[in-house]
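Reading through the structure tokens given below for one structure.
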Amino acid sequence: MLTFIVPSTNQMARSPFYRILLFAWIVVLLMDGVHASDGDADPIYKACVEQCEKTGCVGGKCFQHCKFLSDGKPEGGPWYLQEPLYLQWKQWDCRSDCRYHCMLTREEEREKLGGKPVKYHGKWLFRRAYSFQEPVSVALSALNLAIQFHGWVSFFILIYYKLPLTPSKKNYYEYTGLWNIYGILSMNSWFWSAVFHSRDVELTEKLHFSSAVALLGFSLILAILRAFSVRNEASRVMVSTPVIAFVTTHILYLNCYNLDYGLNIKVCVAMGVAQLLIWAVWAGVTHHPSWSKLWVAVVGGGLAMLLEIYDFPPYHRFVDAHALWHATTIPLTYLWWSFAKDDAEFRTSSLHKKAK
């Protein structure tokens, strides 16, 4: 028979585990309050887009790729053939240009009347720069990609060229393969993040969401296997299979059935909170020499997650909560790879001594 012991209120207040649970509960409550504004339902905005798609102009600005022939084809050929090849990446289609300039005009009108910014099509309006849709997020995503690459390469060099190897020329660290996969998935995720923020279309959106979900799912697997010291391959497969099945199903749902933003953020936050809890509890009970780095990464990651949930309009139409989240992940990523290298050194030293 199982016996459940309920700690007293004072014990709960002092326990780091219950503080983390409280944080997770606050995150769930905040998620319920996230709703996209419906600026795209504004009749003035809708009329502007409809008029633009017919005339090809918003105010005094006109777009060549919005002019159509009698057969419905764009004048001068498709929009992506109307400029030299090396300039085609900068081009947008008629609907995108119409929506952007109508949103810009409408928001300027709201600002003059003292109104607050609203979301259009579930997203804030950003001012383009050098044809990049969200230039700050693009730059920060690229910087995150560079930090991930640096962390992974330094980890790879440490494992294969600096730490001692077994007599069979294999490394002692049992989680090398997992960290290598994590590094590849991380770089893939940040690459598609940069692409998506530079050009938000259906394809880049799906690739961005899918790569982020895959990374979060594998990060959860890594947290479980490392925290519970799962070294047996059969056990690893048993632990990983349900998570992989869930993540695969969710990715297929987003790509093939419904790109549900609300559901996706709930799934991502749930997996994020789960791995933060696992790492936090493990850091609290283990005697790992780098437990302090792990705690800083966990607390920092938890606080940064709030930016993903409780967003605000972009400052000067350039920097929003999501861009700030990108900024916070840069030092956290550096610290995270530092912990991974410390863990590799710690485990290798212990196993090497035993082998002697």
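Each chain of the structure tokens is named A, B, ... in the order shown, its residues numbered from 1; ligands are numbered from 1 in display order.
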query = Leaving out A:Leu104 and any residue of its chain fewer than 4 positions from it, which residues lie within 12 Å of it when counting only C-alpha atoms, given as number ranges by chain?
reply = A: 39, 45, 48-49, 58-59, 97-100, 108-111, 117-120, 124-128, 317
Can you write out the residues you just picked, keeping N, CA and C atoms, as a PDB file, in the first residue's frame?
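Once written, result12.pdb looks like this:
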ATOM      1  N   GLY A  39      -6.988  42.704 -35.178  1.00  0.00           N
ATOM      2  CA  GLY A  39      -6.870  43.908 -35.994  1.00  0.00           C
ATOM      3  C   GLY A  39      -7.211  43.658 -37.437  1.00  0.00           C
ATOM      4  N   TYR A  45      -9.147  48.369 -42.373  1.00  0.00           N
ATOM      5  CA  TYR A  45      -7.995  47.590 -42.839  1.00  0.00           C
ATOM      6  C   TYR A  45      -8.409  46.638 -43.954  1.00  0.00           C
ATOM      7  N   CYS A  48      -8.930  48.442 -47.152  1.00  0.00           N
ATOM      8  CA  CYS A  48      -7.648  48.870 -47.709  1.00  0.00           C
ATOM      9  C   CYS A  48      -6.980  47.736 -48.480  1.00  0.00           C
ATOM     10  N   VAL A  49      -6.980  46.526 -47.898  1.00  0.00           N
ATOM     11  CA  VAL A  49      -6.357  45.376 -48.555  1.00  0.00           C
ATOM     12  C   VAL A  49      -7.097  45.028 -49.842  1.00  0.00           C
ATOM     13  N   VAL A  58      -1.424  51.567 -52.305  1.00  0.00           N
ATOM     14  CA  VAL A  58      -1.864  51.988 -50.984  1.00  0.00           C
ATOM     15  C   VAL A  58      -1.393  53.417 -50.817  1.00  0.00           C
ATOM     16  N   GLY A  59      -2.346  54.335 -50.788  1.00  0.00           N
ATOM     17  CA  GLY A  59      -1.979  55.741 -50.763  1.00  0.00           C
ATOM     18  C   GLY A  59      -1.260  56.101 -52.055  1.00  0.00           C
ATOM     19  N   ASP A  97       2.522  42.550 -49.632  1.00  0.00           N
ATOM     20  CA  ASP A  97       2.801  43.987 -49.678  1.00  0.00           C
ATOM     21  C   ASP A  97       1.561  44.806 -49.327  1.00  0.00           C
ATOM     22  N   CYS A  98       0.404  44.380 -49.833  1.00  0.00           N
ATOM     23  CA  CYS A  98      -0.837  45.094 -49.531  1.00  0.00           C
ATOM     24  C   CYS A  98      -1.138  45.049 -48.033  1.00  0.00           C
ATOM     25  N   ARG A  99      -1.020  43.873 -47.442  1.00  0.00           N
ATOM     26  CA  ARG A  99      -1.293  43.737 -46.012  1.00  0.00           C
ATOM     27  C   ARG A  99      -0.329  44.585 -45.193  1.00  0.00           C
ATOM     28  N   TYR A 100       0.941  44.516 -45.536  1.00  0.00           N
ATOM     29  CA  TYR A 100       1.953  45.239 -44.757  1.00  0.00           C
ATOM     30  C   TYR A 100       1.699  46.746 -44.788  1.00  0.00           C
ATOM     31  N   GLU A 108      -0.549  53.822 -38.050  1.00  0.00           N
ATOM     32  CA  GLU A 108      -0.202  55.247 -37.948  1.00  0.00           C
ATOM     33  C   GLU A 108      -1.434  56.086 -37.643  1.00  0.00           C
ATOM     34  N   GLU A 109      -2.569  55.694 -38.222  1.00  0.00           N
ATOM     35  CA  GLU A 109      -3.822  56.397 -37.926  1.00  0.00           C
ATOM     36  C   GLU A 109      -4.231  56.175 -36.474  1.00  0.00           C
ATOM     37  N   ARG A 110      -4.093  54.928 -35.985  1.00  0.00           N
ATOM     38  CA  ARG A 110      -4.432  54.639 -34.590  1.00  0.00           C
ATOM     39  C   ARG A 110      -3.546  55.453 -33.637  1.00  0.00           C
ATOM     40  N   GLU A 111      -2.268  55.533 -33.973  1.00  0.00           N
ATOM     41  CA  GLU A 111      -1.322  56.247 -33.121  1.00  0.00           C
ATOM     42  C   GLU A 111      -1.684  57.729 -33.023  1.00  0.00           C
ATOM     43  N   PRO A 117      -1.671  49.773 -30.180  1.00  0.00           N
ATOM     44  CA  PRO A 117      -1.398  48.827 -31.275  1.00  0.00           C
ATOM     45  C   PRO A 117      -2.222  47.554 -31.111  1.00  0.00           C
ATOM     46  N   VAL A 118      -2.587  46.939 -32.215  1.00  0.00           N
ATOM     47  CA  VAL A 118      -3.313  45.673 -32.191  1.00  0.00           C
ATOM     48  C   VAL A 118      -2.592  44.675 -33.085  1.00  0.00           C
ATOM     49  N   LYS A 119      -2.920  43.418 -32.910  1.00  0.00           N
ATOM     50  CA  LYS A 119      -2.331  42.370 -33.734  1.00  0.00           C
ATOM     51  C   LYS A 119      -3.138  42.194 -35.017  1.00  0.00           C
ATOM     52  N   TYR A 120      -2.440  41.813 -36.074  1.00  0.00           N
ATOM     53  CA  TYR A 120      -3.069  41.501 -37.347  1.00  0.00           C
ATOM     54  C   TYR A 120      -2.710  40.060 -37.702  1.00  0.00           C
ATOM     55  N   TRP A 124       1.961  40.851 -34.205  1.00  0.00           N
ATOM     56  CA  TRP A 124       2.194  42.288 -34.172  1.00  0.00           C
ATOM     57  C   TRP A 124       2.757  42.761 -35.501  1.00  0.00           C
ATOM     58  N   LEU A 125       2.568  44.035 -35.774  1.00  0.00           N
ATOM     59  CA  LEU A 125       3.149  44.639 -36.971  1.00  0.00           C
ATOM     60  C   LEU A 125       4.601  45.042 -36.677  1.00  0.00           C
ATOM     61  N   PHE A 126       5.508  44.615 -37.541  1.00  0.00           N
ATOM     62  CA  PHE A 126       6.914  45.002 -37.451  1.00  0.00           C
ATOM     63  C   PHE A 126       7.289  45.824 -38.683  1.00  0.00           C
ATOM     64  N   ARG A 127       8.181  46.773 -38.473  1.00  0.00           N
ATOM     65  CA  ARG A 127       8.659  47.579 -39.590  1.00  0.00           C
ATOM     66  C   ARG A 127       9.798  46.832 -40.288  1.00  0.00           C
ATOM     67  N   ARG A 128       9.660  46.657 -41.590  1.00  0.00           N
ATOM     68  CA  ARG A 128      10.683  45.954 -42.343  1.00  0.00           C
ATOM     69  C   ARG A 128      11.964  46.782 -42.426  1.00  0.00           C
ATOM     70  N   ARG A 317       8.170  49.355 -33.272  1.00  0.00           N
ATOM     71  CA  ARG A 317       7.866  48.329 -34.269  1.00  0.00           C
ATOM     72  C   ARG A 317       9.089  47.493 -34.660  1.00  0.00           C
TER      73      ARG A 317
END
Would you tabulate, counting only C-alpha atoms, all residues of stretch 211-319 of chain A that have an atom at most 8 Å from an atom of stretch 167-185 of chain A, showing the closest pair of atoms and their distance in Å to one decimal, sorted by chain then ascending number, as a tab-separated table?
residue	atom	partner	partner_atom	distance
A:Ser211	CA	A:Leu185	CA	7.4
A:Ala214	CA	A:Leu185	CA	7.4
A:Leu215	CA	A:Leu185	CA	5.6
A:Phe218	CA	A:Tyr182	CA	6.9
A:Ser219	CA	A:Tyr182	CA	6.9
A:Leu222	CA	A:Leu178	CA	6.6
A:Arg226	CA	A:Tyr175	CA	7.5
A:Arg231	CA	A:Glu174	CA	6.8
Those same residues, written as a PDB file, in the first residue's frame with N, CA and C atoms?
ATOM      1  N   SER A 211      10.736  22.520 -36.277  1.00  0.00           N
ATOM      2  CA  SER A 211      12.095  22.377 -35.747  1.00  0.00           C
ATOM      3  C   SER A 211      12.154  22.731 -34.260  1.00  0.00           C
ATOM      4  N   ALA A 214      10.604  19.775 -32.335  1.00  0.00           N
ATOM      5  CA  ALA A 214      11.548  18.652 -32.332  1.00  0.00           C
ATOM      6  C   ALA A 214      12.669  18.886 -31.325  1.00  0.00           C
ATOM      7  N   LEU A 215      13.173  20.112 -31.252  1.00  0.00           N
ATOM      8  CA  LEU A 215      14.231  20.440 -30.295  1.00  0.00           C
ATOM      9  C   LEU A 215      13.735  20.304 -28.860  1.00  0.00           C
ATOM     10  N   PHE A 218      13.315  16.593 -27.945  1.00  0.00           N
ATOM     11  CA  PHE A 218      14.577  15.896 -27.675  1.00  0.00           C
ATOM     12  C   PHE A 218      15.228  16.416 -26.400  1.00  0.00           C
ATOM     13  N   SER A 219      15.086  17.718 -26.126  1.00  0.00           N
ATOM     14  CA  SER A 219      15.630  18.273 -24.882  1.00  0.00           C
ATOM     15  C   SER A 219      14.991  17.613 -23.668  1.00  0.00           C
ATOM     16  N   LEU A 222      16.601  14.226 -23.331  1.00  0.00           N
ATOM     17  CA  LEU A 222      17.940  14.394 -22.761  1.00  0.00           C
ATOM     18  C   LEU A 222      17.868  14.632 -21.249  1.00  0.00           C
ATOM     19  N   ARG A 226      19.524  11.918 -18.662  1.00  0.00           N
ATOM     20  CA  ARG A 226      20.674  12.335 -17.846  1.00  0.00           C
ATOM     21  C   ARG A 226      20.323  12.395 -16.364  1.00  0.00           C
ATOM     22  N   ARG A 231      21.507   4.571 -18.824  1.00  0.00           N
ATOM     23  CA  ARG A 231      22.654   4.269 -19.687  1.00  0.00           C
ATOM     24  C   ARG A 231      22.406   3.072 -20.595  1.00  0.00           C
TER      25      ARG A 231
END
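For the atom pair formed by atom CA of A:Ser338 and atom CA of A:Ala223, the distance is 15.9 Å, given to one decimal.
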If we count only C-alpha atoms and set the cut-off at 9 Å, which residues sit around stretch 289-300 of chain A, ignoring sequence neighbours fewer than 3 positions away in its own chain? Please answer as a PDB file with all heavy atoms, in the first residue's frame.
ATOM      1  N   LEU A 276      12.483  21.748 -17.318  1.00  0.00           N
ATOM      2  CA  LEU A 276      13.007  22.634 -16.281  1.00  0.00           C
ATOM      3  C   LEU A 276      12.819  22.028 -14.898  1.00  0.00           C
ATOM      4  O   LEU A 276      13.714  22.102 -14.041  1.00  0.00           O
ATOM      5  CB  LEU A 276      12.310  23.997 -16.352  1.00  0.00           C
ATOM      6  CG  LEU A 276      12.707  24.922 -17.513  1.00  0.00           C
ATOM      7  CD1 LEU A 276      11.881  26.202 -17.467  1.00  0.00           C
ATOM      8  CD2 LEU A 276      14.189  25.246 -17.488  1.00  0.00           C
ATOM      9  N   LEU A 277      11.670  21.424 -14.663  1.00  0.00           N
ATOM     10  CA  LEU A 277      11.416  20.764 -13.384  1.00  0.00           C
ATOM     11  C   LEU A 277      12.394  19.619 -13.143  1.00  0.00           C
ATOM     12  O   LEU A 277      12.946  19.463 -12.045  1.00  0.00           O
ATOM     13  CB  LEU A 277       9.978  20.232 -13.352  1.00  0.00           C
ATOM     14  CG  LEU A 277       8.853  21.248 -13.143  1.00  0.00           C
ATOM     15  CD1 LEU A 277       7.504  20.579 -13.348  1.00  0.00           C
ATOM     16  CD2 LEU A 277       8.939  21.851 -11.745  1.00  0.00           C
ATOM     17  N   TRP A 279      15.440  19.111 -14.487  1.00  0.00           N
ATOM     18  CA  TRP A 279      16.800  19.607 -14.241  1.00  0.00           C
ATOM     19  C   TRP A 279      16.910  20.270 -12.878  1.00  0.00           C
ATOM     20  O   TRP A 279      17.928  20.115 -12.184  1.00  0.00           O
ATOM     21  CB  TRP A 279      17.207  20.592 -15.331  1.00  0.00           C
ATOM     22  CG  TRP A 279      17.551  19.992 -16.655  1.00  0.00           C
ATOM     23  CD1 TRP A 279      16.918  20.207 -17.851  1.00  0.00           C
ATOM     24  CD2 TRP A 279      18.619  19.082 -16.940  1.00  0.00           C
ATOM     25  NE1 TRP A 279      17.518  19.490 -18.861  1.00  0.00           N
ATOM     26  CE2 TRP A 279      18.577  18.787 -18.319  1.00  0.00           C
ATOM     27  CE3 TRP A 279      19.608  18.483 -16.160  1.00  0.00           C
ATOM     28  CZ2 TRP A 279      19.475  17.933 -18.937  1.00  0.00           C
ATOM     29  CZ3 TRP A 279      20.512  17.621 -16.787  1.00  0.00           C
ATOM     30  CH2 TRP A 279      20.442  17.356 -18.148  1.00  0.00           C
ATOM     31  N   ALA A 280      15.878  21.030 -12.486  1.00  0.00           N
ATOM     32  CA  ALA A 280      15.922  21.744 -11.208  1.00  0.00           C
ATOM     33  C   ALA A 280      15.965  20.771 -10.030  1.00  0.00           C
ATOM     34  O   ALA A 280      16.761  20.955  -9.089  1.00  0.00           O
ATOM     35  CB  ALA A 280      14.717  22.670 -11.088  1.00  0.00           C
ATOM     36  N   TRP A 282      16.917  17.624 -10.107  1.00  0.00           N
ATOM     37  CA  TRP A 282      18.183  16.887 -10.166  1.00  0.00           C
ATOM     38  C   TRP A 282      19.330  17.732  -9.616  1.00  0.00           C
ATOM     39  O   TRP A 282      20.185  17.239  -8.877  1.00  0.00           O
ATOM     40  CB  TRP A 282      18.469  16.473 -11.609  1.00  0.00           C
ATOM     41  CG  TRP A 282      19.700  15.626 -11.764  1.00  0.00           C
ATOM     42  CD1 TRP A 282      19.883  14.347 -11.331  1.00  0.00           C
ATOM     43  CD2 TRP A 282      20.927  16.012 -12.394  1.00  0.00           C
ATOM     44  NE1 TRP A 282      21.142  13.894 -11.650  1.00  0.00           N
ATOM     45  CE2 TRP A 282      21.807  14.897 -12.318  1.00  0.00           C
ATOM     46  CE3 TRP A 282      21.369  17.166 -13.026  1.00  0.00           C
ATOM     47  CZ2 TRP A 282      23.091  14.926 -12.842  1.00  0.00           C
ATOM     48  CZ3 TRP A 282      22.651  17.187 -13.555  1.00  0.00           C
ATOM     49  CH2 TRP A 282      23.496  16.082 -13.454  1.00  0.00           C
ATOM     50  N   ALA A 283      19.341  19.025  -9.981  1.00  0.00           N
ATOM     51  CA  ALA A 283      20.386  19.920  -9.472  1.00  0.00           C
ATOM     52  C   ALA A 283      20.297  20.075  -7.955  1.00  0.00           C
ATOM     53  O   ALA A 283      21.314  20.264  -7.280  1.00  0.00           O
ATOM     54  CB  ALA A 283      20.270  21.298 -10.137  1.00  0.00           C
ATOM     55  N   GLY A 284      19.065  19.978  -7.420  1.00  0.00           N
ATOM     56  CA  GLY A 284      18.877  20.133  -5.986  1.00  0.00           C
ATOM     57  C   GLY A 284      19.294  18.925  -5.173  1.00  0.00           C
ATOM     58  O   GLY A 284      19.667  19.060  -4.002  1.00  0.00           O
ATOM     59  N   THR A 286      21.498  16.330  -6.452  1.00  0.00           N
ATOM     60  CA  THR A 286      22.779  15.742  -6.844  1.00  0.00           C
ATOM     61  C   THR A 286      23.940  16.521  -6.232  1.00  0.00           C
ATOM     62  O   THR A 286      23.781  17.661  -5.770  1.00  0.00           O
ATOM     63  CB  THR A 286      22.923  15.746  -8.375  1.00  0.00           C
ATOM     64  OG1 THR A 286      24.100  15.010  -8.741  1.00  0.00           O
ATOM     65  CG2 THR A 286      23.044  17.163  -8.914  1.00  0.00           C
ATOM     66  N   LEU A 303      12.412  32.178 -16.312  1.00  0.00           N
ATOM     67  CA  LEU A 303      12.049  33.591 -16.407  1.00  0.00           C
ATOM     68  C   LEU A 303      11.922  34.029 -17.866  1.00  0.00           C
ATOM     69  O   LEU A 303      11.029  34.803 -18.222  1.00  0.00           O
ATOM     70  CB  LEU A 303      13.090  34.449 -15.686  1.00  0.00           C
ATOM     71  CG  LEU A 303      13.171  34.264 -14.169  1.00  0.00           C
ATOM     72  CD1 LEU A 303      14.329  35.073 -13.597  1.00  0.00           C
ATOM     73  CD2 LEU A 303      11.851  34.674 -13.503  1.00  0.00           C
ATOM     74  N   ALA A 304      12.823  33.525 -18.714  1.00  0.00           N
ATOM     75  CA  ALA A 304      12.763  33.873 -20.132  1.00  0.00           C
ATOM     76  C   ALA A 304      11.489  33.343 -20.779  1.00  0.00           C
ATOM     77  O   ALA A 304      10.936  33.965 -21.695  1.00  0.00           O
ATOM     78  CB  ALA A 304      13.990  33.316 -20.855  1.00  0.00           C
ATOM     79  N   MET A 305      11.000  32.205 -20.281  1.00  0.00           N
ATOM     80  CA  MET A 305       9.779  31.618 -20.833  1.00  0.00           C
ATOM     81  C   MET A 305       8.574  32.541 -20.662  1.00  0.00           C
ATOM     82  O   MET A 305       7.647  32.537 -21.474  1.00  0.00           O
ATOM     83  CB  MET A 305       9.511  30.268 -20.168  1.00  0.00           C
ATOM     84  CG  MET A 305       8.433  29.432 -20.852  1.00  0.00           C
ATOM     85  SD  MET A 305       8.155  27.887 -19.982  1.00  0.00           S
ATOM     86  CE  MET A 305       9.757  27.109 -20.184  1.00  0.00           C
ATOM     87  N   THR A 328      17.788  36.831 -24.401  1.00  0.00           N
ATOM     88  CA  THR A 328      18.105  36.153 -23.133  1.00  0.00           C
ATOM     89  C   THR A 328      18.691  34.768 -23.349  1.00  0.00           C
ATOM     90  O   THR A 328      19.457  34.276 -22.503  1.00  0.00           O
ATOM     91  CB  THR A 328      16.847  36.034 -22.249  1.00  0.00           C
ATOM     92  OG1 THR A 328      15.855  35.260 -22.928  1.00  0.00           O
ATOM     93  CG2 THR A 328      16.287  37.405 -21.915  1.00  0.00           C
ATOM     94  N   THR A 329      18.332  34.109 -24.457  1.00  0.00           N
ATOM     95  CA  THR A 329      18.825  32.742 -24.686  1.00  0.00           C
ATOM     96  C   THR A 329      20.301  32.715 -25.069  1.00  0.00           C
ATOM     97  O   THR A 329      20.931  31.658 -24.994  1.00  0.00           O
ATOM     98  CB  THR A 329      18.002  32.043 -25.785  1.00  0.00           C
ATOM     99  OG1 THR A 329      17.988  32.863 -26.965  1.00  0.00           O
ATOM    100  CG2 THR A 329      16.579  31.796 -25.325  1.00  0.00           C
ATOM    101  N   LEU A 332      22.333  32.248 -21.848  1.00  0.00           N
ATOM    102  CA  LEU A 332      21.901  30.967 -21.289  1.00  0.00           C
ATOM    103  C   LEU A 332      22.447  29.796 -22.103  1.00  0.00           C
ATOM    104  O   LEU A 332      22.805  28.756 -21.546  1.00  0.00           O
ATOM    105  CB  LEU A 332      20.369  30.900 -21.237  1.00  0.00           C
ATOM    106  CG  LEU A 332      19.687  31.829 -20.240  1.00  0.00           C
ATOM    107  CD1 LEU A 332      18.170  31.739 -20.371  1.00  0.00           C
ATOM    108  CD2 LEU A 332      20.104  31.493 -18.805  1.00  0.00           C
ATOM    109  N   THR A 333      22.523  29.963 -23.424  1.00  0.00           N
ATOM    110  CA  THR A 333      23.074  28.915 -24.289  1.00  0.00           C
ATOM    111  C   THR A 333      24.554  28.696 -23.991  1.00  0.00           C
ATOM    112  O   THR A 333      25.029  27.553 -23.920  1.00  0.00           O
ATOM    113  CB  THR A 333      22.884  29.289 -25.771  1.00  0.00           C
ATOM    114  OG1 THR A 333      21.491  29.356 -26.060  1.00  0.00           O
ATOM    115  CG2 THR A 333      23.536  28.263 -26.685  1.00  0.00           C
ATOM    116  N   LEU A 335      26.081  29.297 -21.200  1.00  0.00           N
ATOM    117  CA  LEU A 335      26.153  28.654 -19.886  1.00  0.00           C
ATOM    118  C   LEU A 335      25.756  27.184 -19.967  1.00  0.00           C
ATOM    119  O   LEU A 335      26.348  26.324 -19.297  1.00  0.00           O
ATOM    120  CB  LEU A 335      25.242  29.392 -18.904  1.00  0.00           C
ATOM    121  CG  LEU A 335      25.297  28.968 -17.441  1.00  0.00           C
ATOM    122  CD1 LEU A 335      26.667  29.269 -16.849  1.00  0.00           C
ATOM    123  CD2 LEU A 335      24.211  29.681 -16.644  1.00  0.00           C
ATOM    124  N   TRP A 336      24.779  26.881 -20.796  1.00  0.00           N
ATOM    125  CA  TRP A 336      24.286  25.506 -20.932  1.00  0.00           C
ATOM    126  C   TRP A 336      25.357  24.584 -21.508  1.00  0.00           C
ATOM    127  O   TRP A 336      25.571  23.476 -21.018  1.00  0.00           O
ATOM    128  CB  TRP A 336      23.038  25.515 -21.799  1.00  0.00           C
ATOM    129  CG  TRP A 336      22.328  24.200 -21.886  1.00  0.00           C
ATOM    130  CD1 TRP A 336      22.087  23.467 -23.002  1.00  0.00           C
ATOM    131  CD2 TRP A 336      21.751  23.455 -20.800  1.00  0.00           C
ATOM    132  NE1 TRP A 336      21.395  22.320 -22.687  1.00  0.00           N
ATOM    133  CE2 TRP A 336      21.189  22.292 -21.338  1.00  0.00           C
ATOM    134  CE3 TRP A 336      21.678  23.681 -19.421  1.00  0.00           C
ATOM    135  CZ2 TRP A 336      20.544  21.349 -20.559  1.00  0.00           C
ATOM    136  CZ3 TRP A 336      21.037  22.724 -18.635  1.00  0.00           C
ATOM    137  CH2 TRP A 336      20.479  21.588 -19.210  1.00  0.00           C
ATOM    138  N   SER A 338      28.508  25.176 -21.329  1.00  0.00           N
ATOM    139  CA  SER A 338      29.546  25.108 -20.311  1.00  0.00           C
ATOM    140  C   SER A 338      29.236  24.004 -19.309  1.00  0.00           C
ATOM    141  O   SER A 338      30.123  23.246 -18.895  1.00  0.00           O
ATOM    142  CB  SER A 338      29.668  26.459 -19.593  1.00  0.00           C
ATOM    143  OG  SER A 338      30.622  26.392 -18.547  1.00  0.00           O
ATOM    144  N   PHE A 339      27.947  23.881 -18.930  1.00  0.00           N
ATOM    145  CA  PHE A 339      27.537  22.793 -18.033  1.00  0.00           C
ATOM    146  C   PHE A 339      27.743  21.435 -18.706  1.00  0.00           C
ATOM    147  O   PHE A 339      28.204  20.480 -18.066  1.00  0.00           O
ATOM    148  CB  PHE A 339      26.072  22.957 -17.635  1.00  0.00           C
ATOM    149  CG  PHE A 339      25.459  21.701 -17.096  1.00  0.00           C
ATOM    150  CD1 PHE A 339      25.778  21.246 -15.822  1.00  0.00           C
ATOM    151  CD2 PHE A 339      24.597  20.929 -17.871  1.00  0.00           C
ATOM    152  CE1 PHE A 339      25.240  20.063 -15.325  1.00  0.00           C
ATOM    153  CE2 PHE A 339      24.054  19.757 -17.389  1.00  0.00           C
ATOM    154  CZ  PHE A 339      24.372  19.316 -16.108  1.00  0.00           C
ATOM    155  N   ASP A 342      31.338  20.562 -18.522  1.00  0.00           N
ATOM    156  CA  ASP A 342      31.697  20.209 -17.138  1.00  0.00           C
ATOM    157  C   ASP A 342      31.197  18.815 -16.793  1.00  0.00           C
ATOM    158  O   ASP A 342      31.892  18.038 -16.111  1.00  0.00           O
ATOM    159  CB  ASP A 342      31.097  21.222 -16.168  1.00  0.00           C
ATOM    160  CG  ASP A 342      31.784  22.575 -16.246  1.00  0.00           C
ATOM    161  OD1 ASP A 342      32.840  22.677 -16.891  1.00  0.00           O
ATOM    162  OD2 ASP A 342      31.237  23.541 -15.671  1.00  0.00           O
ATOM    163  N   ASP A 343      29.986  18.499 -17.253  1.00  0.00           N
ATOM    164  CA  ASP A 343      29.420  17.175 -16.973  1.00  0.00           C
ATOM    165  C   ASP A 343      30.248  16.088 -17.646  1.00  0.00           C
ATOM    166  O   ASP A 343      30.485  15.023 -17.058  1.00  0.00           O
ATOM    167  CB  ASP A 343      27.970  17.127 -17.465  1.00  0.00           C
ATOM    168  CG  ASP A 343      27.255  15.861 -17.045  1.00  0.00           C
ATOM    169  OD1 ASP A 343      27.337  15.493 -15.856  1.00  0.00           O
ATOM    170  OD2 ASP A 343      26.625  15.205 -17.909  1.00  0.00           O
ATOM    171  N   PHE A 346      33.415  15.668 -15.630  1.00  0.00           N
ATOM    172  CA  PHE A 346      33.121  15.033 -14.347  1.00  0.00           C
ATOM    173  C   PHE A 346      32.918  13.529 -14.506  1.00  0.00           C
ATOM    174  O   PHE A 346      33.520  12.721 -13.781  1.00  0.00           O
ATOM    175  CB  PHE A 346      31.884  15.684 -13.741  1.00  0.00           C
ATOM    176  CG  PHE A 346      31.364  14.993 -12.512  1.00  0.00           C
ATOM    177  CD1 PHE A 346      32.117  14.938 -11.349  1.00  0.00           C
ATOM    178  CD2 PHE A 346      30.109  14.396 -12.519  1.00  0.00           C
ATOM    179  CE1 PHE A 346      31.637  14.305 -10.212  1.00  0.00           C
ATOM    180  CE2 PHE A 346      29.617  13.752 -11.397  1.00  0.00           C
ATOM    181  CZ  PHE A 346      30.382  13.698 -10.243  1.00  0.00           C
TER     182      PHE A 346
END
message = Applying 12 Å and only C-alpha atoms, which residues near A:Val138 remain after dropping the ones on its own chain fewer than 3 positions away? List them as an MDAnalysis selection string.
response = chainID A and resid 128:135 141:145 190:200 318:319 322:324 326:327
request  = Identify, with DSSP run on backbone atoms, the residues in stretch 109-207 of chain A assigned to helix (DSSP H, G or I), and express the list as a count of residues only.
outcome  = 61
task = Please report, as a ChimeraX atom specification, each residue of stretch 126-326 of chain A to which DSSP assigns strand (DSSP E or B) when run on this structure's backbone.
result = /A:129,132,165,171,315,319
Those residues with all heavy atoms, as a compact mmCIF listing (two decimals), in the first residue's frame please?
# COMPACT_ATOMS: atom_id res chain seq x y z
N ALA A 129 13.09 46.07 -42.54
CA ALA A 129 14.38 46.71 -42.72
C ALA A 129 15.21 45.85 -43.66
O ALA A 129 15.42 44.66 -43.38
CB ALA A 129 15.10 46.91 -41.40
N PHE A 132 13.91 42.49 -44.52
CA PHE A 132 13.70 41.54 -43.43
C PHE A 132 12.44 41.95 -42.66
O PHE A 132 12.29 43.11 -42.28
CB PHE A 132 14.89 41.50 -42.48
CG PHE A 132 16.12 40.90 -43.08
CD1 PHE A 132 17.23 41.69 -43.37
CD2 PHE A 132 16.18 39.55 -43.38
CE1 PHE A 132 18.37 41.15 -43.94
CE2 PHE A 132 17.32 38.99 -43.95
CZ PHE A 132 18.42 39.80 -44.23
N LEU A 165 40.53 8.60 -23.60
CA LEU A 165 39.66 7.64 -24.25
C LEU A 165 39.86 6.26 -23.64
O LEU A 165 40.86 5.99 -22.96
CB LEU A 165 39.95 7.59 -25.76
CG LEU A 165 39.79 8.90 -26.54
CD1 LEU A 165 40.23 8.70 -27.98
CD2 LEU A 165 38.35 9.39 -26.48
N ASN A 171 35.07 7.24 -26.22
CA ASN A 171 35.05 8.18 -25.09
C ASN A 171 34.29 7.57 -23.91
O ASN A 171 33.40 6.74 -24.09
CB ASN A 171 34.43 9.52 -25.51
CG ASN A 171 33.07 9.36 -26.14
OD1 ASN A 171 32.08 9.12 -25.46
ND2 ASN A 171 33.00 9.49 -27.46
N TYR A 315 8.50 47.58 -29.56
CA TYR A 315 8.97 48.95 -29.30
C TYR A 315 9.48 49.55 -30.61
O TYR A 315 10.38 49.00 -31.24
CB TYR A 315 10.07 48.91 -28.26
CG TYR A 315 10.62 50.26 -27.87
CD1 TYR A 315 9.85 51.16 -27.14
CD2 TYR A 315 11.91 50.64 -28.24
CE1 TYR A 315 10.35 52.41 -26.78
CE2 TYR A 315 12.42 51.87 -27.88
CZ TYR A 315 11.63 52.75 -27.16
OH TYR A 315 12.13 53.99 -26.82
N VAL A 319 11.29 45.79 -31.62
CA VAL A 319 11.65 44.87 -30.53
C VAL A 319 10.41 44.53 -29.72
O VAL A 319 9.82 45.41 -29.08
CB VAL A 319 12.72 45.49 -29.61
CG1 VAL A 319 13.09 44.51 -28.50
CG2 VAL A 319 13.95 45.88 -30.41
